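To be precise, the following lines are target29.cif, and they hold mmCIF, C-alpha atoms.
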data_final
loop_
_atom_site.group_PDB
_atom_site.id
_atom_site.type_symbol
_atom_site.label_atom_id
_atom_site.label_comp_id
_atom_site.auth_asym_id
_atom_site.auth_seq_id
_atom_site.Cartn_x
_atom_site.Cartn_y
_atom_site.Cartn_z
ATOM 1 C CA MET A 263 16.230 23.651 -56.279
ATOM 2 C CA LYS A 264 12.628 24.567 -55.483
ATOM 3 C CA VAL A 265 11.631 20.912 -55.701
ATOM 4 C CA ALA A 266 14.406 19.916 -53.259
ATOM 5 C CA LEU A 267 13.338 22.588 -50.742
ATOM 6 C CA ALA A 268 9.694 21.577 -51.055
ATOM 7 C CA SER A 269 10.632 17.916 -50.551
ATOM 8 C CA ALA A 270 12.727 18.740 -47.468
ATOM 9 C CA ALA A 271 9.888 20.829 -46.000
ATOM 10 C CA ALA A 272 7.378 18.021 -46.635
ATOM 11 C CA VAL A 273 9.658 15.451 -44.930
ATOM 12 C CA ALA A 274 10.174 17.780 -41.942
ATOM 13 C CA LEU A 275 6.416 18.319 -41.570
ATOM 14 C CA LEU A 276 5.686 14.591 -41.831
ATOM 15 C CA CYS A 277 8.345 13.715 -39.228
ATOM 16 C CA THR A 278 7.044 16.354 -36.823
ATOM 17 C CA SER A 279 3.436 15.267 -37.193
ATOM 18 C CA ALA A 280 4.346 11.585 -36.769
ATOM 19 C CA ARG A 281 6.235 12.407 -33.615
ATOM 20 C CA GLY A 282 3.250 14.371 -32.302
ATOM 21 C CA ASP A 283 1.014 11.327 -32.803
ATOM 22 C CA VAL A 284 3.307 9.060 -30.744
ATOM 23 C CA VAL A 285 3.914 11.345 -27.748
ATOM 24 C CA ASP A 286 0.849 12.006 -25.570
ATOM 25 C CA LEU A 287 1.704 14.894 -23.263
ATOM 26 C CA SER A 288 -1.714 14.987 -21.602
ATOM 27 C CA GLY A 289 -1.238 11.753 -19.660
ATOM 28 C CA GLY A 290 -4.656 10.534 -20.800
ATOM 29 C CA ALA A 291 -5.895 7.165 -19.587
ATOM 30 C CA ARG A 292 -2.421 6.032 -18.510
ATOM 31 C CA ARG A 293 -2.234 8.691 -15.785
ATOM 32 C CA ARG A 294 -5.651 7.649 -14.414
ATOM 33 C CA THR A 295 -4.636 3.971 -14.446
ATOM 34 C CA LEU A 296 -1.506 4.609 -12.384
ATOM 35 C CA GLY A 297 -3.581 6.184 -9.612
ATOM 36 C CA GLY A 298 -6.370 3.618 -9.758
ATOM 37 C CA SER A 299 -6.236 -0.088 -10.451
ATOM 38 C CA GLY A 300 -3.371 -2.533 -10.386
ATOM 39 C CA VAL A 301 -1.097 -4.607 -8.181
ATOM 40 C CA SER A 302 0.610 -3.003 -5.186
ATOM 41 C CA LEU A 303 3.386 -3.799 -2.731
ATOM 42 C CA ARG A 304 3.090 -2.079 0.649
ATOM 43 C CA ALA A 305 5.441 -1.628 3.602
ATOM 44 C CA ASP A 306 3.138 -1.234 6.606
ATOM 45 C CA PHE A 307 3.683 -0.154 10.220
ATOM 46 C CA GLY A 308 1.209 -0.132 13.089
ATOM 47 C CA ASN A 309 0.281 -1.029 16.639
ATOM 48 C CA ALA A 310 -0.758 -4.337 18.259
ATOM 49 C CA PHE A 311 -4.078 -4.509 16.352
ATOM 50 C CA ALA A 312 -2.659 -3.582 12.927
ATOM 51 C CA PRO A 313 -3.445 -6.304 10.379
ATOM 52 C CA TYR A 314 0.198 -6.767 9.323
ATOM 53 C CA GLY A 315 1.918 -6.341 12.697
ATOM 54 C CA TYR A 316 4.137 -3.648 14.101
ATOM 55 C CA ALA A 317 6.260 -3.807 10.935
ATOM 56 C CA GLY A 318 5.235 -5.830 7.913
ATOM 57 C CA GLY A 319 4.301 -5.911 4.287
ATOM 58 C CA ALA A 320 1.366 -6.678 2.034
ATOM 59 C CA ILE A 321 0.590 -7.387 -1.585
ATOM 60 C CA GLY A 322 -2.709 -6.199 -3.001
ATOM 61 C CA TYR A 323 -4.841 -5.582 -6.046
ATOM 62 C CA MET A 324 -7.147 -2.623 -6.760
ATOM 63 C CA THR A 325 -9.898 -2.752 -9.413
ATOM 64 C CA GLU A 326 -10.910 0.108 -11.725
ATOM 65 C CA GLY A 327 -13.852 0.758 -9.370
ATOM 66 C CA LEU A 328 -11.330 1.438 -6.549
ATOM 67 C CA PHE A 329 -12.281 -1.724 -4.634
ATOM 68 C CA GLY A 330 -9.322 -3.818 -3.559
ATOM 69 C CA PHE A 331 -7.916 -6.485 -1.326
ATOM 70 C CA GLU A 332 -4.578 -7.010 0.413
ATOM 71 C CA ALA A 333 -2.912 -9.912 2.173
ATOM 72 C CA GLY A 334 0.169 -9.548 4.303
ATOM 73 C CA ALA A 335 2.295 -10.557 7.248
ATOM 74 C CA GLY A 336 4.561 -8.903 9.746
ATOM 75 C CA ALA A 337 6.170 -8.944 13.159
ATOM 76 C CA GLY A 338 3.747 -9.247 16.086
ATOM 77 C CA PHE A 339 6.506 -9.268 18.742
ATOM 78 C CA PRO A 340 6.497 -12.135 19.503
ATOM 79 C CA GLY A 341 4.915 -14.201 16.795
ATOM 80 C CA LEU A 342 3.885 -13.691 13.224
ATOM 81 C CA GLN A 343 0.894 -11.481 12.513
ATOM 82 C CA LEU A 344 -1.139 -12.358 9.396
ATOM 83 C CA GLY A 345 -3.920 -10.284 7.893
ATOM 84 C CA PHE A 346 -6.341 -9.924 5.009
ATOM 85 C CA SER A 347 -8.027 -6.632 4.140
ATOM 86 C CA LEU A 348 -10.874 -5.513 1.864
ATOM 87 C CA LYS A 349 -10.574 -1.850 0.926
ATOM 88 C CA LYS A 350 -12.737 0.721 -0.861
ATOM 89 C CA LEU A 351 -11.427 4.132 -1.910
ATOM 90 C CA PHE A 352 -13.563 7.235 -2.461
ATOM 91 C CA GLY A 353 -12.277 10.306 -4.281
ATOM 92 C CA ASP A 354 -10.212 11.238 -7.309
ATOM 93 C CA GLY A 355 -7.091 13.063 -8.371
ATOM 94 C CA GLY A 356 -4.862 10.891 -6.205
ATOM 95 C CA SER A 357 -6.474 11.879 -2.863
ATOM 96 C CA TYR A 358 -8.762 9.225 -1.424
ATOM 97 C CA VAL A 359 -10.772 8.479 1.695
ATOM 98 C CA ALA A 360 -10.223 4.796 2.435
ATOM 99 C CA THR A 361 -12.505 2.358 4.254
ATOM 100 C CA GLU A 362 -11.415 -1.144 5.148
ATOM 101 C CA LEU A 363 -12.577 -4.379 6.699
ATOM 102 C CA THR A 364 -9.867 -6.736 7.968
ATOM 103 C CA ILE A 365 -9.380 -10.091 9.620
ATOM 104 C CA ALA A 366 -6.055 -10.727 11.306
ATOM 105 C CA GLY A 367 -4.352 -12.884 13.860
ATOM 106 C CA ASN A 368 -1.145 -13.495 15.762
ATOM 107 C CA THR A 369 0.494 -16.915 16.065
ATOM 108 C CA LYS A 370 1.682 -16.451 19.673
ATOM 109 C CA VAL A 371 0.173 -13.436 21.446
ATOM 110 C CA LYS A 372 -3.402 -13.332 22.761
ATOM 111 C CA ARG A 373 -4.729 -9.897 21.810
ATOM 112 C CA GLY A 374 -8.219 -10.298 23.242
ATOM 113 C CA GLY A 375 -8.975 -10.379 26.954
ATOM 114 C CA ASN A 376 -10.905 -13.163 28.580
ATOM 115 C CA GLY A 377 -12.827 -10.905 30.989
ATOM 116 C CA GLY A 378 -12.793 -13.625 33.675
ATOM 117 C CA VAL A 379 -14.922 -15.939 31.549
ATOM 118 C CA PRO A 380 -13.397 -19.376 30.922
ATOM 119 C CA ASN A 381 -12.797 -20.033 27.247
ATOM 120 C CA THR A 382 -12.579 -23.556 25.825
ATOM 121 C CA THR A 383 -10.118 -22.583 23.100
ATOM 122 C CA SER A 384 -7.449 -19.927 23.191
ATOM 123 C CA THR A 385 -7.534 -19.489 19.387
ATOM 124 C CA SER A 386 -10.359 -16.953 19.621
ATOM 125 C CA GLN A 387 -8.059 -14.676 21.644
ATOM 126 C CA LYS A 388 -5.451 -14.636 18.869
ATOM 127 C CA ILE A 389 -7.726 -13.463 16.017
ATOM 128 C CA TRP A 390 -9.707 -10.293 15.452
ATOM 129 C CA THR A 391 -11.686 -8.408 12.858
ATOM 130 C CA SER A 392 -11.581 -4.667 12.400
ATOM 131 C CA ILE A 393 -13.309 -1.903 10.520
ATOM 132 C CA GLY A 394 -11.522 1.322 9.737
ATOM 133 C CA ILE A 395 -11.363 4.614 7.922
ATOM 134 C CA GLY A 396 -8.362 6.516 6.690
ATOM 135 C CA PHE A 397 -6.701 8.540 3.986
ATOM 136 C CA GLU A 398 -4.544 7.596 1.009
ATOM 137 C CA GLN A 399 -2.545 9.921 -1.225
ATOM 138 C CA ARG A 400 -1.151 8.651 -4.552
ATOM 139 C CA VAL A 401 1.371 10.323 -6.823
ATOM 140 C CA GLY A 402 2.337 8.353 -9.916
ATOM 141 C CA HIS A 403 3.430 4.867 -8.899
ATOM 142 C CA PHE A 404 3.757 5.694 -5.174
ATOM 143 C CA GLY A 405 1.191 6.038 -2.412
ATOM 144 C CA VAL A 406 1.163 6.776 1.293
ATOM 145 C CA GLY A 407 -1.745 6.189 3.637
ATOM 146 C CA THR A 408 -2.911 5.672 7.185
ATOM 147 C CA THR A 409 -5.978 4.007 8.689
ATOM 148 C CA ILE A 410 -7.599 4.072 12.141
ATOM 149 C CA ASP A 411 -9.439 0.861 13.071
ATOM 150 C CA LEU A 412 -11.790 -0.490 15.698
ATOM 151 C CA ALA A 413 -10.839 -4.121 16.305
ATOM 152 C CA PHE A 414 -13.069 -6.789 17.857
ATOM 153 C CA THR A 415 -12.016 -10.207 19.145
ATOM 154 C CA PRO A 416 -14.411 -13.136 19.582
ATOM 155 C CA SER A 417 -13.205 -13.616 23.162
ATOM 156 C CA ASP A 418 -14.371 -10.265 24.599
ATOM 157 C CA SER A 419 -16.853 -7.493 23.939
ATOM 158 C CA THR A 420 -14.318 -4.660 24.121
ATOM 159 C CA ALA A 421 -13.500 -2.551 21.075
ATOM 160 C CA HIS A 422 -9.734 -2.228 20.660
ATOM 161 C CA PHE A 423 -7.920 0.615 18.915
ATOM 162 C CA GLY A 424 -5.879 -0.147 15.792
ATOM 163 C CA LEU A 425 -3.674 2.143 13.765
ATOM 164 C CA HIS A 426 -1.569 1.353 10.726
ATOM 165 C CA GLY A 427 -0.119 3.055 7.699
ATOM 166 C CA GLY A 428 2.519 2.645 5.103
ATOM 167 C CA ILE A 429 4.150 3.361 1.806
ATOM 168 C CA ALA A 430 3.095 1.519 -1.374
ATOM 169 C CA TYR A 431 4.364 1.031 -4.900
ATOM 170 C CA TYR A 432 1.727 0.442 -7.613
ATOM 171 C CA PHE A 433 2.441 -1.468 -10.823
#
This structure in structure tokens:
Amino acid sequence: MKVALASAAAVALLCTSARGDVVDLSGGARRRTLGGSGVSLRADFGNAFAPYGYAGGAIGYMTEGLFGFEAGAGAGFPGLQLGFSLKKLFGDGGSYVATELTIAGNTKVKRGGNGGVPNTTSTSQKIWTSIGIGFEQRVGHFGVGTTIDLAFTPSDSTAHFGLHGGIAYYF
């Protein structure tokens, strides 16, 4: 009887310790990875100088060093607005200051003014670059962020105001 009880106790201890080795309750490296690098899908909303239009979406990738890029498209009303963005995040714990550099354009609407100067091509009025700063908060697989941009077109020397933000899912 004593041998049977000792055997049962040994099996129970082995099963408990094996289970403890498999389950990591601390989160460890997996928790840091979810908030850092990986592929993302973003629903984005903004104004006329937002890189992905008034309402659009983007797909992106973020490295372990929190440097990433996104490409997306959206409604420019009228026309399609296309954009590409380079992004760098600063911070930890899911709260980040974001900086970005974008190039974008609209297929139909001229966003830049001509300032009374004749322009040989109208294409330069439909594209712009912008530089911005913002905030991004990540919790698990989800993130929400907003960015304020200064946009510049090749056709004028005026700085235009851009604002965009959205909700993202990180894989």
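If all atoms listed in the file are the atoms counted, then among A:Ile365, A:Ala413, A:Ala421, A:Val359 the closest residue to Gln399 (chain A) is A:Val359.
The space separating CA of Ala312 (chain A) from CA of Thr325 (chain A) comes to 23.5 Å.
Residues in contact with Pro340 (chain A) at up to 12 Å, not including ones fewer than 6 positions away on its chain and judged by all atoms listed in the file, are A:Ala310, A:Gly315, A:Tyr316, A:Ala317, A:Asn368, A:Thr369, A:Lys370, A:Val371, A:Lys372, A:Arg373.
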- Query: Taking the file as shown, what set of residues would the PyMOL selection byres ((chain A and resi 426) around 6) give back, as number ranges by chain?
  - Reply: A: 307-308, 312, 408-409, 425, 427
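Take CA of Asp418 (chain A) and CA of Thr361 (chain A): the distance between them is 24.0 Å.
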I would like the residues chosen by the PyMOL selection byres ((chain A and resi 360) around 6) on the shown file; could you give them as a CSV table (one decimal) with C-alpha atoms, in the coordinates of the input?
chain,number,residue,atom,x,y,z
A,350,LYS,CA,-12.7,0.7,-0.9
A,351,LEU,CA,-11.4,4.1,-1.9
A,359,VAL,CA,-10.8,8.5,1.7
A,361,THR,CA,-12.5,2.4,4.3
A,395,ILE,CA,-11.4,4.6,7.9
A,396,GLY,CA,-8.4,6.5,6.7
A,397,PHE,CA,-6.7,8.5,4.0
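Of the listed residues (A:Thr391, A:Ser357, A:Ser299, A:Asn309), A:Ser299 comes nearest to Met324 (chain A); the distances count only C-alpha atoms.
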| request: Fewer than 2 positions away in the same chain doesn't count, so skip those; otherwise give me all residues within 7 Å of Val406 (chain A), counting all atoms listed in the file, as a PyMOL selection string. | output: chain A and resi 398-400+428-430
Shortest contact to Tyr431 (chain A), candidates A:Ala335, A:Leu344, A:Ile389, A:Ala320, atoms counted all atoms listed in the file, goes to A:Ala320
Report the residues retrieved by the PyMOL selection byres ((chain A and resi 347) around 8) from the displayed file, expressed as a compact mmCIF listing (two decimals) with C-alpha atoms, in the frame of the given file.
# COMPACT_ATOMS: atom_id res chain seq x y z
CA PRO A 313 -3.44 -6.30 10.38
CA PHE A 331 -7.92 -6.48 -1.33
CA GLU A 332 -4.58 -7.01 0.41
CA ALA A 333 -2.91 -9.91 2.17
CA GLY A 345 -3.92 -10.28 7.89
CA PHE A 346 -6.34 -9.92 5.01
CA LEU A 348 -10.87 -5.51 1.86
CA LYS A 349 -10.57 -1.85 0.93
CA GLU A 362 -11.42 -1.14 5.15
CA LEU A 363 -12.58 -4.38 6.70
CA THR A 364 -9.87 -6.74 7.97
CA ILE A 365 -9.38 -10.09 9.62
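The coordinates place CA of Phe329 (chain A) at 25.4 Å from CA of His422 (chain A).
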